[in-house]
Amino acid sequence: MPQAAGWRGDPLWLADVLRAEGLDVAEFAGWRGRGHGDFHDIRGVMVHHTGSDFATAASIAYGRPELPGPLSQVHIGRAGTVTVVAAGVAWHAGVGVYPWLPVNMGNWHTIGIECANSGTAPWAPHRQNWPDAQYFALVNSCAAISRRLGLPAARTIGHKEYAGRAQGKWDPGAIDMDRLRLDVARQIGAPARATSPRPAVPVGRYADVLLYRGTRGRQVAELQRRLKFAYASYAGGLEISGEFDVATEEAVREFQRRTPGLHVDGIVGPATAAALELRLIDVDL
Ligand SMILES: [Zn+2]
């Protein structure tokens, strides 16, 4: 049964709930008794990367001399194996703030998931160097835990969202948390959060627009300008070069993913151009 008012105490159900989600679950010896004390109410899930593609579950369970383990409750390897390493409080969150958490108290109110991943770079595109097996094990783990706790996908947050300002954390790197939450919401089975309505069927002025990888010119520059300044959260780094390059295609795909009704193909045709409200350049001028 989901807990309407938040779970109190240690989540001794972790392995069972993750297994019931169809995940490949390993139970690290002694996990039920491992922790820095017991949980208060659990309010959400916090996602991390370890900083190395090869960090083991044991390194999370035992920690290191200056920071003893457990360093999270759950470890996810690159092959998608989900290892439960602790049921008690773990040192994963550190200091930080988030609206539904008491200041600096993330460890006592969130279940931490450490993924064996370098994180690539703070600016890396979504899921770069995140194998499908690992990414979907993460999505399904967040969903299984959230469903058990009766929490929506909005309660899955990244360490960077909590501790970014306080600690300069950027994990999980190469994970767009909004997109992860949409995937988690889908897996929970709850309707994804309200999105903008389907764009109107393009007519008239956008009918002839067709821009794709390799296209050059002023219309491409206008497309890049539109993406860069209106969708800075994921396209802010675009160069206005007038050349439809890989980065432009990725930004277009991102826009398409986020816009209901659009086909995600990285090509700007009439529907995508209309949804972007792209300013049209008269190429004959
Ligand atoms: Zn972290």
# chains A, B, ... in the order shown; residues from 1 in each chain; ligands from 1
>>> residues_near_ligand(ligand="ligand 1", cutoff="10 Å", atoms="only C-alpha atoms and all ligand atoms", output="PyMOL selection string")
chain A and resi 46-51+71-72+91-94+112-115+158-160+162-164+167+169-173
>>> residues_around(residues="range 268-270 of chain A", least_positions_apart="3", cutoff="6 Å", atoms="only C-alpha atoms", output="list of chain:residue names")
A:Pro202, A:Tyr206, A:Ala207, A:Val209, A:Leu210, A:Leu211, A:Ala273, A:Ala274
>>> residues_around(residues="range 128-141 of chain A", least_positions_apart="2", cutoff="9 Å", atoms="only C-alpha atoms", output="VMD selection string")
chain A and resid 17 to 18 21 to 24 47 76 to 82 113 115 to 120 124 to 126 143 to 146 173 to 175 180 to 181 183 to 185 187 to 188
>>> residues_around(residues="Ile267 in chain A", least_positions_apart="4", cutoff="8 Å", atoms="only C-alpha atoms", output="PDB file with N, CA, C and O atoms, in the first residue's frame")
ATOM      1  N   LEU A 210      11.841  23.517 -44.667  1.00  0.00           N
ATOM      2  CA  LEU A 210      12.472  22.208 -44.499  1.00  0.00           C
ATOM      3  C   LEU A 210      13.964  22.426 -44.238  1.00  0.00           C
ATOM      4  O   LEU A 210      14.735  22.789 -45.131  1.00  0.00           O
ATOM      5  N   LEU A 211      14.352  22.249 -42.986  1.00  0.00           N
ATOM      6  CA  LEU A 211      15.749  22.453 -42.576  1.00  0.00           C
ATOM      7  C   LEU A 211      16.218  21.181 -41.889  1.00  0.00           C
ATOM      8  O   LEU A 211      15.503  20.615 -41.072  1.00  0.00           O
ATOM      9  N   TYR A 212      17.397  20.757 -42.204  1.00  0.00           N
ATOM     10  CA  TYR A 212      17.904  19.524 -41.611  1.00  0.00           C
ATOM     11  C   TYR A 212      19.423  19.567 -41.626  1.00  0.00           C
ATOM     12  O   TYR A 212      20.028  20.532 -42.141  1.00  0.00           O
ATOM     13  N   ARG A 213      20.041  18.522 -41.037  1.00  0.00           N
ATOM     14  CA  ARG A 213      21.498  18.491 -40.894  1.00  0.00           C
ATOM     15  C   ARG A 213      22.163  18.753 -42.236  1.00  0.00           C
ATOM     16  O   ARG A 213      21.870  18.085 -43.211  1.00  0.00           O
ATOM     17  N   GLU A 249      20.856  20.007 -34.458  1.00  0.00           N
ATOM     18  CA  GLU A 249      19.931  18.869 -34.574  1.00  0.00           C
ATOM     19  C   GLU A 249      19.510  18.372 -33.194  1.00  0.00           C
ATOM     20  O   GLU A 249      18.344  18.064 -32.955  1.00  0.00           O
ATOM     21  N   VAL A 252      16.999  20.702 -31.758  1.00  0.00           N
ATOM     22  CA  VAL A 252      15.701  20.520 -32.411  1.00  0.00           C
ATOM     23  C   VAL A 252      15.006  19.278 -31.861  1.00  0.00           C
ATOM     24  O   VAL A 252      13.812  19.299 -31.543  1.00  0.00           O
ATOM     25  N   ARG A 253      15.774  18.208 -31.725  1.00  0.00           N
ATOM     26  CA  ARG A 253      15.198  16.977 -31.164  1.00  0.00           C
ATOM     27  C   ARG A 253      14.645  17.217 -29.759  1.00  0.00           C
ATOM     28  O   ARG A 253      13.578  16.732 -29.395  1.00  0.00           O
ATOM     29  N   THR A 272       7.173  21.610 -36.960  1.00  0.00           N
ATOM     30  CA  THR A 272       8.154  22.055 -35.963  1.00  0.00           C
ATOM     31  C   THR A 272       8.389  23.562 -36.081  1.00  0.00           C
ATOM     32  O   THR A 272       8.484  24.271 -35.068  1.00  0.00           O
TER      33      THR A 272
END
>>> residues_around(residues="Arg226 in chain A", least_positions_apart="6", cutoff="10 Å", atoms="only C-alpha atoms", output="JSON, numbers by chain")
{"A": [220, 232, 235, 240, 276, 277, 278, 279]}
>>> select_by_dssp(residues="range 5-253 of chain A", states="alpha helix (DSSP H)", output="PyMOL selection string")
chain A and resi 14-20+57-62+106-109+132-149+159-167+177-188+218-230+232-235+246-253
>>> write_last_selection(atoms="C-alpha atoms", output="compact mmCIF listing (two decimals), in the first residue's frame")
# COMPACT_ATOMS: atom_id res chain seq x y z
CA LEU A 14 13.48 -1.72 -1.01
CA ALA A 15 14.71 -5.00 -2.53
CA ASP A 16 11.20 -6.45 -2.84
CA VAL A 17 9.76 -3.33 -4.43
CA LEU A 18 12.62 -3.02 -6.93
CA ARG A 19 12.39 -6.69 -7.84
CA ALA A 20 8.65 -6.37 -8.35
CA ALA A 57 28.35 -1.25 -4.85
CA ALA A 58 30.93 -2.08 -2.18
CA SER A 59 32.45 1.40 -2.47
CA ILE A 60 29.01 2.82 -1.75
CA ALA A 61 28.33 0.45 1.12
CA TYR A 62 31.68 1.01 2.85
CA GLY A 106 18.37 15.76 2.54
CA ASN A 107 20.04 12.66 3.99
CA TRP A 108 17.23 12.11 6.48
CA HIS A 109 14.40 12.55 4.00
CA ASP A 132 20.06 2.13 -21.90
CA ALA A 133 20.34 -0.61 -19.27
CA GLN A 134 21.56 1.83 -16.64
CA TYR A 135 19.25 4.69 -17.54
CA PHE A 136 16.08 2.62 -17.57
CA ALA A 137 17.12 0.81 -14.38
CA LEU A 138 17.33 4.29 -12.87
CA VAL A 139 13.93 5.35 -14.23
CA ASN A 140 12.28 2.17 -13.01
CA SER A 141 13.97 2.32 -9.60
CA CYS A 142 12.79 5.89 -9.04
CA ALA A 143 9.29 4.89 -10.18
CA ALA A 144 9.12 1.78 -7.99
CA ILE A 145 10.24 3.66 -4.87
CA SER A 146 7.95 6.61 -5.60
CA ARG A 147 4.94 4.39 -6.19
CA ARG A 148 5.62 2.57 -2.92
CA LEU A 149 5.80 5.90 -1.11
CA HIS A 159 21.87 16.16 -6.34
CA LYS A 160 22.64 19.19 -8.52
CA GLU A 161 19.16 20.57 -7.92
CA TYR A 162 19.56 20.33 -4.15
CA ALA A 163 23.25 21.00 -3.63
CA GLY A 164 24.25 22.82 -6.79
CA ARG A 165 24.45 26.21 -5.18
CA ALA A 166 25.72 25.09 -1.78
CA GLN A 167 28.33 22.56 -2.94
CA MET A 177 16.14 15.97 -14.65
CA ASP A 178 12.91 17.20 -16.26
CA ARG A 179 13.17 14.49 -18.86
CA LEU A 180 14.06 11.89 -16.27
CA ARG A 181 10.97 12.91 -14.27
CA LEU A 182 8.77 12.56 -17.35
CA ASP A 183 10.11 9.04 -17.86
CA VAL A 184 9.59 8.27 -14.16
CA ALA A 185 6.04 9.61 -14.31
CA ARG A 186 5.30 7.38 -17.28
CA GLN A 187 6.68 4.37 -15.44
CA ILE A 188 4.75 5.16 -12.26
CA ARG A 218 20.22 32.72 -42.86
CA GLN A 219 17.11 30.66 -42.10
CA VAL A 220 19.28 28.21 -40.17
CA ALA A 221 20.87 31.10 -38.28
CA GLU A 222 17.38 32.34 -37.40
CA LEU A 223 16.45 28.86 -36.19
CA GLN A 224 19.57 28.77 -34.00
CA ARG A 225 18.80 32.23 -32.63
CA ARG A 226 15.26 31.17 -31.76
CA LEU A 227 16.39 27.98 -30.02
CA LYS A 228 19.28 29.63 -28.22
CA PHE A 229 17.30 32.52 -26.75
CA ALA A 230 13.82 31.06 -26.29
CA ALA A 232 18.14 28.49 -23.29
CA SER A 233 17.79 25.72 -20.71
CA TYR A 234 18.91 23.19 -23.28
CA ALA A 235 19.91 25.23 -26.34
CA VAL A 246 24.96 18.16 -34.80
CA ALA A 247 24.32 20.54 -31.90
CA THR A 248 21.48 22.22 -33.79
CA GLU A 249 19.93 18.87 -34.57
CA GLU A 250 20.14 17.82 -30.93
CA ALA A 251 18.45 21.08 -29.85
CA VAL A 252 15.70 20.52 -32.41
CA ARG A 253 15.20 16.98 -31.16
>>> decode(residues="range 217-232 of chain A", atoms="all heavy atoms", output="PDB file, in the first residue's frame")
ATOM      1  N   GLY A 217      22.633  28.621 -44.114  1.00  0.00           N
ATOM      2  CA  GLY A 217      22.050  29.880 -44.553  1.00  0.00           C
ATOM      3  C   GLY A 217      21.396  30.674 -43.434  1.00  0.00           C
ATOM      4  O   GLY A 217      21.447  30.305 -42.263  1.00  0.00           O
ATOM      5  N   ARG A 218      20.778  31.773 -43.839  1.00  0.00           N
ATOM      6  CA  ARG A 218      20.223  32.717 -42.857  1.00  0.00           C
ATOM      7  C   ARG A 218      19.027  32.134 -42.124  1.00  0.00           C
ATOM      8  O   ARG A 218      18.775  32.469 -40.974  1.00  0.00           O
ATOM      9  CB  ARG A 218      19.842  34.013 -43.563  1.00  0.00           C
ATOM     10  CG  ARG A 218      21.070  34.811 -44.035  1.00  0.00           C
ATOM     11  CD  ARG A 218      20.665  35.960 -44.928  1.00  0.00           C
ATOM     12  NE  ARG A 218      19.715  36.849 -44.263  1.00  0.00           N
ATOM     13  CZ  ARG A 218      18.786  37.572 -44.880  1.00  0.00           C
ATOM     14  NH1 ARG A 218      18.693  37.517 -46.202  1.00  0.00           N
ATOM     15  NH2 ARG A 218      17.973  38.346 -44.203  1.00  0.00           N
ATOM     16  N   GLN A 219      18.264  31.255 -42.789  1.00  0.00           N
ATOM     17  CA  GLN A 219      17.114  30.660 -42.096  1.00  0.00           C
ATOM     18  C   GLN A 219      17.585  29.727 -40.973  1.00  0.00           C
ATOM     19  O   GLN A 219      16.977  29.648 -39.917  1.00  0.00           O
ATOM     20  CB  GLN A 219      16.222  29.899 -43.081  1.00  0.00           C
ATOM     21  CG  GLN A 219      14.918  29.416 -42.453  1.00  0.00           C
ATOM     22  CD  GLN A 219      14.038  30.571 -41.981  1.00  0.00           C
ATOM     23  OE1 GLN A 219      13.490  31.320 -42.780  1.00  0.00           O
ATOM     24  NE2 GLN A 219      13.916  30.725 -40.671  1.00  0.00           N
ATOM     25  N   VAL A 220      18.712  29.064 -41.220  1.00  0.00           N
ATOM     26  CA  VAL A 220      19.282  28.211 -40.167  1.00  0.00           C
ATOM     27  C   VAL A 220      19.775  29.082 -39.009  1.00  0.00           C
ATOM     28  O   VAL A 220      19.568  28.759 -37.834  1.00  0.00           O
ATOM     29  CB  VAL A 220      20.420  27.336 -40.725  1.00  0.00           C
ATOM     30  CG1 VAL A 220      21.104  26.561 -39.588  1.00  0.00           C
ATOM     31  CG2 VAL A 220      19.892  26.365 -41.770  1.00  0.00           C
ATOM     32  N   ALA A 221      20.406  30.189 -39.332  1.00  0.00           N
ATOM     33  CA  ALA A 221      20.865  31.103 -38.281  1.00  0.00           C
ATOM     34  C   ALA A 221      19.681  31.607 -37.450  1.00  0.00           C
ATOM     35  O   ALA A 221      19.760  31.702 -36.220  1.00  0.00           O
ATOM     36  CB  ALA A 221      21.623  32.281 -38.902  1.00  0.00           C
ATOM     37  N   GLU A 222      18.571  31.873 -38.112  1.00  0.00           N
ATOM     38  CA  GLU A 222      17.376  32.339 -37.395  1.00  0.00           C
ATOM     39  C   GLU A 222      16.828  31.234 -36.487  1.00  0.00           C
ATOM     40  O   GLU A 222      16.402  31.486 -35.366  1.00  0.00           O
ATOM     41  CB  GLU A 222      16.312  32.790 -38.410  1.00  0.00           C
ATOM     42  CG  GLU A 222      15.081  33.415 -37.785  1.00  0.00           C
ATOM     43  CD  GLU A 222      15.392  34.578 -36.853  1.00  0.00           C
ATOM     44  OE1 GLU A 222      16.361  35.314 -37.120  1.00  0.00           O
ATOM     45  OE2 GLU A 222      14.675  34.737 -35.834  1.00  0.00           O
ATOM     46  N   LEU A 223      16.864  30.010 -36.999  1.00  0.00           N
ATOM     47  CA  LEU A 223      16.451  28.855 -36.188  1.00  0.00           C
ATOM     48  C   LEU A 223      17.333  28.746 -34.944  1.00  0.00           C
ATOM     49  O   LEU A 223      16.846  28.560 -33.821  1.00  0.00           O
ATOM     50  CB  LEU A 223      16.564  27.577 -37.030  1.00  0.00           C
ATOM     51  CG  LEU A 223      16.482  26.247 -36.271  1.00  0.00           C
ATOM     52  CD1 LEU A 223      15.070  26.033 -35.715  1.00  0.00           C
ATOM     53  CD2 LEU A 223      16.890  25.086 -37.175  1.00  0.00           C
ATOM     54  N   GLN A 224      18.638  28.866 -35.132  1.00  0.00           N
ATOM     55  CA  GLN A 224      19.571  28.771 -34.001  1.00  0.00           C
ATOM     56  C   GLN A 224      19.339  29.889 -32.999  1.00  0.00           C
ATOM     57  O   GLN A 224      19.378  29.663 -31.789  1.00  0.00           O
ATOM     58  CB  GLN A 224      21.014  28.801 -34.531  1.00  0.00           C
ATOM     59  CG  GLN A 224      21.364  27.530 -35.308  1.00  0.00           C
ATOM     60  CD  GLN A 224      22.653  27.654 -36.090  1.00  0.00           C
ATOM     61  OE1 GLN A 224      22.992  28.738 -36.576  1.00  0.00           O
ATOM     62  NE2 GLN A 224      23.358  26.549 -36.253  1.00  0.00           N
ATOM     63  N   ARG A 225      19.057  31.078 -33.509  1.00  0.00           N
ATOM     64  CA  ARG A 225      18.802  32.228 -32.634  1.00  0.00           C
ATOM     65  C   ARG A 225      17.550  31.960 -31.795  1.00  0.00           C
ATOM     66  O   ARG A 225      17.522  32.195 -30.594  1.00  0.00           O
ATOM     67  CB  ARG A 225      18.623  33.475 -33.503  1.00  0.00           C
ATOM     68  CG  ARG A 225      18.912  34.784 -32.819  1.00  0.00           C
ATOM     69  CD  ARG A 225      18.922  35.940 -33.830  1.00  0.00           C
ATOM     70  NE  ARG A 225      20.119  35.954 -34.659  1.00  0.00           N
ATOM     71  CZ  ARG A 225      20.131  35.915 -35.998  1.00  0.00           C
ATOM     72  NH1 ARG A 225      18.992  35.875 -36.671  1.00  0.00           N
ATOM     73  NH2 ARG A 225      21.262  35.923 -36.661  1.00  0.00           N
ATOM     74  N   ARG A 226      16.524  31.459 -32.448  1.00  0.00           N
ATOM     75  CA  ARG A 226      15.257  31.173 -31.757  1.00  0.00           C
ATOM     76  C   ARG A 226      15.462  30.128 -30.657  1.00  0.00           C
ATOM     77  O   ARG A 226      15.014  30.301 -29.523  1.00  0.00           O
ATOM     78  CB  ARG A 226      14.227  30.663 -32.780  1.00  0.00           C
ATOM     79  CG  ARG A 226      12.879  30.299 -32.199  1.00  0.00           C
ATOM     80  CD  ARG A 226      12.120  31.519 -31.751  1.00  0.00           C
ATOM     81  NE  ARG A 226      10.817  31.180 -31.208  1.00  0.00           N
ATOM     82  CZ  ARG A 226      10.199  31.873 -30.261  1.00  0.00           C
ATOM     83  NH1 ARG A 226      10.762  32.966 -29.775  1.00  0.00           N
ATOM     84  NH2 ARG A 226       9.016  31.509 -29.823  1.00  0.00           N
ATOM     85  N   LEU A 227      16.157  29.047 -31.001  1.00  0.00           N
ATOM     86  CA  LEU A 227      16.392  27.978 -30.024  1.00  0.00           C
ATOM     87  C   LEU A 227      17.251  28.484 -28.872  1.00  0.00           C
ATOM     88  O   LEU A 227      16.958  28.259 -27.697  1.00  0.00           O
ATOM     89  CB  LEU A 227      17.082  26.786 -30.704  1.00  0.00           C
ATOM     90  CG  LEU A 227      16.202  25.927 -31.614  1.00  0.00           C
ATOM     91  CD1 LEU A 227      17.069  25.037 -32.498  1.00  0.00           C
ATOM     92  CD2 LEU A 227      15.229  25.087 -30.794  1.00  0.00           C
ATOM     93  N   LYS A 228      18.306  29.186 -29.224  1.00  0.00           N
ATOM     94  CA  LYS A 228      19.276  29.631 -28.217  1.00  0.00           C
ATOM     95  C   LYS A 228      18.641  30.563 -27.188  1.00  0.00           C
ATOM     96  O   LYS A 228      18.868  30.419 -25.994  1.00  0.00           O
ATOM     97  CB  LYS A 228      20.439  30.342 -28.922  1.00  0.00           C
ATOM     98  CG  LYS A 228      21.554  30.830 -27.986  1.00  0.00           C
ATOM     99  CD  LYS A 228      22.609  31.574 -28.789  1.00  0.00           C
ATOM    100  CE  LYS A 228      23.712  32.116 -27.900  1.00  0.00           C
ATOM    101  NZ  LYS A 228      24.684  31.072 -27.519  1.00  0.00           N
ATOM    102  N   PHE A 229      17.801  31.505 -27.677  1.00  0.00           N
ATOM    103  CA  PHE A 229      17.302  32.517 -26.751  1.00  0.00           C
ATOM    104  C   PHE A 229      15.939  32.169 -26.151  1.00  0.00           C
ATOM    105  O   PHE A 229      15.652  32.565 -25.026  1.00  0.00           O
ATOM    106  CB  PHE A 229      17.282  33.883 -27.434  1.00  0.00           C
ATOM    107  CG  PHE A 229      18.674  34.353 -27.758  1.00  0.00           C
ATOM    108  CD1 PHE A 229      19.106  34.452 -29.070  1.00  0.00           C
ATOM    109  CD2 PHE A 229      19.575  34.643 -26.742  1.00  0.00           C
ATOM    110  CE1 PHE A 229      20.404  34.852 -29.374  1.00  0.00           C
ATOM    111  CE2 PHE A 229      20.876  35.044 -27.034  1.00  0.00           C
ATOM    112  CZ  PHE A 229      21.292  35.140 -28.354  1.00  0.00           C
ATOM    113  N   ALA A 230      15.126  31.401 -26.855  1.00  0.00           N
ATOM    114  CA  ALA A 230      13.815  31.058 -26.294  1.00  0.00           C
ATOM    115  C   ALA A 230      13.859  29.748 -25.515  1.00  0.00           C
ATOM    116  O   ALA A 230      12.980  29.485 -24.710  1.00  0.00           O
ATOM    117  CB  ALA A 230      12.772  30.980 -27.415  1.00  0.00           C
ATOM    118  N   TYR A 231      14.869  28.921 -25.745  1.00  0.00           N
ATOM    119  CA  TYR A 231      14.946  27.609 -25.088  1.00  0.00           C
ATOM    120  C   TYR A 231      16.341  27.410 -24.505  1.00  0.00           C
ATOM    121  O   TYR A 231      16.999  26.394 -24.695  1.00  0.00           O
ATOM    122  CB  TYR A 231      14.574  26.491 -26.078  1.00  0.00           C
ATOM    123  CG  TYR A 231      13.202  26.729 -26.654  1.00  0.00           C
ATOM    124  CD1 TYR A 231      13.028  27.380 -27.877  1.00  0.00           C
ATOM    125  CD2 TYR A 231      12.059  26.368 -25.942  1.00  0.00           C
ATOM    126  CE1 TYR A 231      11.767  27.654 -28.371  1.00  0.00           C
ATOM    127  CE2 TYR A 231      10.787  26.641 -26.433  1.00  0.00           C
ATOM    128  CZ  TYR A 231      10.655  27.283 -27.645  1.00  0.00           C
ATOM    129  OH  TYR A 231       9.399  27.562 -28.122  1.00  0.00           O
ATOM    130  N   ALA A 232      16.762  28.441 -23.771  1.00  0.00           N
ATOM    131  CA  ALA A 232      18.145  28.488 -23.288  1.00  0.00           C
ATOM    132  C   ALA A 232      18.485  27.342 -22.343  1.00  0.00           C
ATOM    133  O   ALA A 232      19.649  26.965 -22.233  1.00  0.00           O
ATOM    134  CB  ALA A 232      18.399  29.819 -22.597  1.00  0.00           C
TER     135      ALA A 232
END
